[in-house]
$ cat my_file25.cif   # mmCIF, C-alpha atoms
data_entry
#
loop_
_atom_site.label_atom_id
_atom_site.label_comp_id
_atom_site.auth_asym_id
_atom_site.auth_seq_id
_atom_site.Cartn_x
_atom_site.Cartn_y
_atom_site.Cartn_z
CA MET P 295 -5.70 6.99 0.73
CA ASP P 296 -9.17 8.55 0.49
CA LEU P 297 -11.14 9.07 3.66
CA ILE P 298 -14.26 6.89 3.59
CA PRO P 299 -17.51 8.85 3.94
CA SER P 300 -18.48 7.43 7.34
CA PHE P 301 -15.24 8.82 8.83
CA SER P 302 -16.00 12.31 7.53
CA VAL P 303 -18.97 12.63 9.86
CA ASP P 304 -18.38 14.47 13.11
CA HIS P 305 -19.38 11.78 15.58
CA THR P 306 -19.26 14.29 18.44
CA LYS P 307 -22.16 16.21 16.86
CA ILE P 308 -24.33 13.56 15.21
CA VAL P 309 -27.73 12.89 16.74
CA PRO P 310 -30.03 9.94 16.13
CA GLY P 311 -31.67 10.19 12.74
CA ILE P 312 -31.64 9.11 9.11
CA PHE P 313 -28.75 10.32 6.95
CA VAL P 314 -27.31 9.72 3.50
CA SER P 315 -23.92 8.14 4.13
CA ARG P 316 -22.94 7.77 0.48
CA GLN P 317 -24.19 7.31 -3.06
CA ASP P 318 -22.56 5.07 -5.62
CA GLU P 319 -23.10 4.13 -9.22
CA VAL P 320 -23.31 0.38 -9.65
CA GLY P 321 -23.94 -1.05 -13.09
CA GLY P 322 -25.33 2.24 -14.34
CA SER P 323 -27.73 2.62 -11.41
CA ILE P 324 -27.48 4.73 -8.27
CA VAL P 325 -27.51 3.02 -4.88
CA THR P 326 -27.68 4.97 -1.64
CA THR P 327 -26.32 3.94 1.72
CA TYR P 328 -28.24 5.42 4.65
CA ASP P 329 -26.96 5.79 8.19
CA VAL P 330 -29.89 5.00 10.48
CA ARG P 331 -28.44 6.23 13.76
CA VAL P 332 -30.42 5.14 16.83
CA LYS P 333 -27.93 6.22 19.51
CA ARG P 334 -25.76 9.29 19.92
CA PRO P 335 -22.16 8.07 19.44
CA ASN P 336 -19.77 8.29 22.37
CA ARG P 337 -22.47 9.81 24.61
CA GLU P 338 -25.17 7.18 25.01
CA PRO P 339 -24.71 3.50 25.77
CA VAL P 340 -24.71 1.46 22.58
CA VAL P 341 -27.52 -0.90 21.65
CA ASP P 342 -27.21 -4.24 23.44
CA VAL P 343 -25.62 -6.78 21.08
CA ALA P 344 -28.40 -9.38 21.35
CA ALA P 345 -31.09 -6.71 20.89
CA MET P 346 -29.19 -5.29 17.89
CA HIS P 347 -29.08 -8.77 16.37
CA SER P 348 -32.83 -9.17 16.88
CA LEU P 349 -33.51 -5.74 15.36
CA GLU P 350 -31.38 -6.72 12.38
CA HIS P 351 -33.46 -9.87 11.77
CA ILE P 352 -36.86 -8.26 12.36
CA ILE P 353 -36.33 -5.04 10.40
CA ALA P 354 -34.56 -6.83 7.51
CA THR P 355 -37.57 -9.15 7.31
CA TYR P 356 -39.97 -6.20 7.47
CA LEU P 357 -38.14 -4.20 4.77
CA ARG P 358 -37.79 -7.14 2.40
CA ASN P 359 -41.51 -7.87 2.69
CA GLU P 360 -42.83 -4.29 2.50
CA PRO P 361 -44.75 -4.27 -0.82
CA ASN P 362 -43.81 -0.74 -1.90
CA TRP P 363 -40.12 -1.00 -0.97
CA LYS P 364 -38.95 -4.62 -1.08
CA ASP P 365 -37.61 -4.38 -4.63
CA GLN P 366 -35.44 -1.41 -3.67
CA VAL P 367 -33.83 -2.96 -0.58
CA ILE P 368 -30.28 -4.20 -1.06
CA TYR P 369 -29.04 -4.46 2.53
CA TRP P 370 -29.97 -3.81 6.16
CA GLY P 371 -27.38 -4.44 8.86
CA PRO P 372 -25.84 -3.14 12.08
CA MET P 373 -22.94 -0.74 12.43
CA GLY P 374 -19.89 -2.17 14.12
CA CYS P 375 -20.07 0.57 16.77
CA LEU P 376 -23.60 -0.61 17.71
CA THR P 377 -25.08 2.89 17.48
CA GLY P 378 -27.19 2.25 14.40
CA PHE P 379 -27.73 0.46 11.12
CA TYR P 380 -26.89 0.81 7.46
CA LEU P 381 -29.66 0.59 4.90
CA ILE P 382 -28.74 0.34 1.21
CA LEU P 383 -31.48 1.08 -1.30
CA LYS P 384 -31.63 1.33 -5.06
CA GLY P 385 -32.09 4.95 -6.17
CA ASN P 386 -31.27 8.25 -4.53
CA LYS P 387 -34.07 9.17 -2.20
CA LYS P 388 -33.57 11.86 0.43
CA PRO P 389 -33.69 10.73 4.07
CA GLU P 390 -37.03 12.52 4.48
CA GLU P 391 -38.44 10.27 1.74
CA ILE P 392 -37.65 7.08 3.66
CA TYR P 393 -38.68 8.46 7.07
CA ASP P 394 -42.16 6.87 6.97
CA LEU P 395 -40.72 3.51 5.91
CA LEU P 396 -38.22 3.43 8.75
CA LEU P 397 -40.68 4.74 11.33
CA ALA P 398 -43.10 1.96 10.33
CA ALA P 399 -40.30 -0.63 10.43
CA PHE P 400 -39.26 0.32 13.96
CA LYS P 401 -42.88 0.53 15.12
CA SER P 402 -43.53 -2.94 13.67
CA VAL P 403 -41.03 -4.51 16.09
CA GLU P 404 -43.62 -4.28 18.87
CA SER P 405 -45.92 -6.70 17.01
CA TRP P 406 -43.39 -9.52 16.66
CA ASP P 407 -43.84 -12.51 18.98
CA GLU P 408 -40.60 -14.15 17.91
CA VAL P 409 -37.49 -13.17 16.00
CA PRO P 410 -37.51 -14.59 12.45
CA GLY P 411 -34.63 -16.73 11.24
CA THR P 412 -33.35 -17.90 14.63
CA THR P 413 -32.57 -21.55 13.98
CA PRO P 414 -29.05 -22.97 13.67
CA GLU P 415 -29.69 -23.40 9.93
CA ASN P 416 -30.75 -19.75 9.45
CA CYS P 417 -28.45 -17.78 11.74
CA GLY P 418 -24.76 -17.75 12.58
CA HIS P 419 -25.43 -17.10 16.28
CA TYR P 420 -29.05 -18.12 16.70
CA LEU P 421 -28.99 -18.04 20.52
CA MET P 422 -27.84 -14.40 20.69
CA HIS P 423 -31.19 -12.59 20.51
CA ASN P 424 -33.21 -10.45 22.89
CA LEU P 425 -36.69 -9.66 21.61
CA GLY P 426 -37.77 -7.79 24.73
CA MET P 427 -34.86 -5.36 24.55
CA ALA P 428 -35.24 -5.07 20.77
CA LYS P 429 -38.80 -3.91 21.34
CA TRP P 430 -37.61 -1.38 23.91
CA TYR P 431 -34.93 0.11 21.63
CA ALA P 432 -37.29 0.15 18.64
CA ALA P 433 -39.99 1.96 20.60
CA GLU P 434 -37.44 4.46 21.94
CA PHE P 435 -36.20 5.25 18.42
CA ALA P 436 -39.71 5.44 16.95
CA GLU P 437 -40.74 7.89 19.69
CA TYR P 438 -37.61 9.95 19.03
CA LEU P 439 -38.26 10.06 15.26
CA THR P 440 -41.85 11.09 15.86
CA ALA P 441 -40.91 13.83 18.34
CA ASN P 442 -38.20 15.23 16.05
CA ALA P 443 -39.82 14.74 12.61
CA GLY P 444 -39.62 18.41 11.63
CA LYS P 445 -36.03 19.00 12.71
CA PRO P 446 -33.41 19.12 9.93
CA GLU P 447 -30.64 17.80 12.19
CA ILE P 448 -32.16 14.29 12.10
CA PHE P 449 -31.66 14.28 8.31
CA GLU P 450 -28.42 16.23 7.77
CA TYR P 451 -24.98 14.88 8.66
CA PRO P 452 -22.68 17.16 10.62
CA LYS P 453 -19.43 17.06 8.61
CA SER P 454 -16.10 17.32 10.35
CA GLU P 455 -13.07 19.18 9.11
CA ARG P 456 -9.93 17.10 8.73
CA LEU P 457 -6.53 18.37 9.70
CA VAL P 458 -3.94 18.59 6.94
CA THR P 459 -0.31 17.90 7.85
CA ASP P 460 2.52 20.25 6.87
CA ASP P 461 3.32 18.06 3.89
CA GLY P 462 -0.29 18.15 2.63
CA ARG P 463 -1.58 14.78 3.83
CA GLN P 464 -4.98 14.44 5.50
CA PHE P 465 -4.94 13.33 9.13
CA PHE P 466 -7.09 10.29 9.87
CA ASP P 467 -8.29 9.60 13.38
CA SER P 468 -9.73 6.15 12.67
#
$ encode --input "my_file25.cif" --output "structure tokens"
Amino acid sequence: MDLIPSFSVDHTKIVPGIFVSRQDEVGGSIVTTYDVRVKRPNREPVVDVAAMHSLEHIIATYLRNEPNWKDQVIYWGPMGCLTGFYLILKGNKKPEEIYDLLLAAFKSVESWDEVPGTTPENCGHYLMHNLGMAKWYAAEFAEYLTANAGKPEIFEYPKSERLVTDDGRQFFDS
């Protein structure tokens, strides 16, 4: 079995940032999955579940309404480990090319007075939201991105080496 790209990242070395997780050809077009990591895995507390849910709703709404980008957005959603999000866009832009978009998206969270799509008809768990904490996490990440804008480590994945067993199989730890 092939190791999926997100398991080839050394989670002991990754820092918050914007990374290319994978690129795929779909119907003759390239789509890129980005890892938008807001917390350092296994070192920082994860994002609160209700705040993560609110960030998902707000930033998805922002991205799908941003005039210059909305036609390129395929998906925005949380990672199961609650340390970040996945963004899937049409095309193959470098993380540095979507930095301004994501910085603006996270900064925009402060201006929301309510979380969009939080009725029983619109959301599978409409009561599980925390706008105040979403604003806090968004501001923290925006400040981090701003402070580290010129550092390559917020755009380049640290790859991990995989052990190979005596009979030539790759060892998987997940």
$ residues_around --input "my_file25.cif" --residues "Leu349 in chain P" --least-positions-apart "2" --cutoff "12 Å" --atoms "all atoms listed in the file" --output "ChimeraX atom specification"
/P:332,341-347,351-357,370-372,376,378-379,399-404,406,408-411,422-433,435
$ closest_residue --input "my_file25.cif" --among "P:Pro389, P:Leu383, P:Glu319, P:Leu397" --to "Glu447 in chain P" --atoms "all atoms listed in the file"
P:Pro389
$ atom_distance --input "my_file25.cif" --atom1 "CA of Gln366 in chain P" --atom2 "CA of Lys384 in chain P"
4.9 Å
$ closest_atom_pairs --input "my_file25.cif" --of "range 334-433 of chain P" --to "range 303-315 of chain P" --cutoff "8 Å" --atoms "only C-alpha atoms" --output "tab-separated table"
residue	atom	partner	partner_atom	distance
P:Arg334	CA	P:Val309	CA	5.2
P:Pro335	CA	P:His305	CA	6.0
P:Asn336	CA	P:Thr306	CA	7.2
P:Lys388	CA	P:Val314	CA	7.3
P:Pro389	CA	P:Ile312	CA	5.7
P:Glu390	CA	P:Ile312	CA	7.9
P:Tyr393	CA	P:Ile312	CA	7.4
$ atom_distance --input "my_file25.cif" --atom1 "CA of Tyr369 in chain P" --atom2 "CA of Leu381 in chain P"
5.6 Å
$ atom_distance --input "my_file25.cif" --atom1 "CA of Asn386 in chain P" --atom2 "CA of Gly322 in chain P"
12.9 Å
$ residues_around --input "my_file25.cif" --residues "Gly385 in chain P" --least-positions-apart "6" --cutoff "10 Å" --atoms "all atoms listed in the file" --output "NGL selection string"
:P and (317-319 or 323-327 or 366-367)
$ closest_residue --input "my_file25.cif" --among "P:Asp394, P:Glu360, P:Asp296, P:Asp329" --to "Ala443 in chain P" --atoms "only C-alpha atoms"
P:Asp394
$ closest_residue --input "my_file25.cif" --among "P:Leu396, P:Glu350, P:Tyr328, P:Arg358" --to "Ala436 in chain P" --atoms "only C-alpha atoms"
P:Leu396
$ closest_residue --input "my_file25.cif" --among "P:Val330, P:Leu297, P:Val340, P:Cys417" --to "Phe449 in chain P" --atoms "all atoms listed in the file"
P:Val330
$ closest_residue --input "my_file25.cif" --among "P:Leu395, P:Ser405, P:Gly321, P:Pro414" --to "Pro361 in chain P" --atoms "only C-alpha atoms"
P:Leu395
$ closest_residue --input "my_file25.cif" --among "P:Leu421, P:Asn442, P:Ser348, P:Ile392" --to "Asn362 in chain P" --atoms "all atoms listed in the file"
P:Ile392
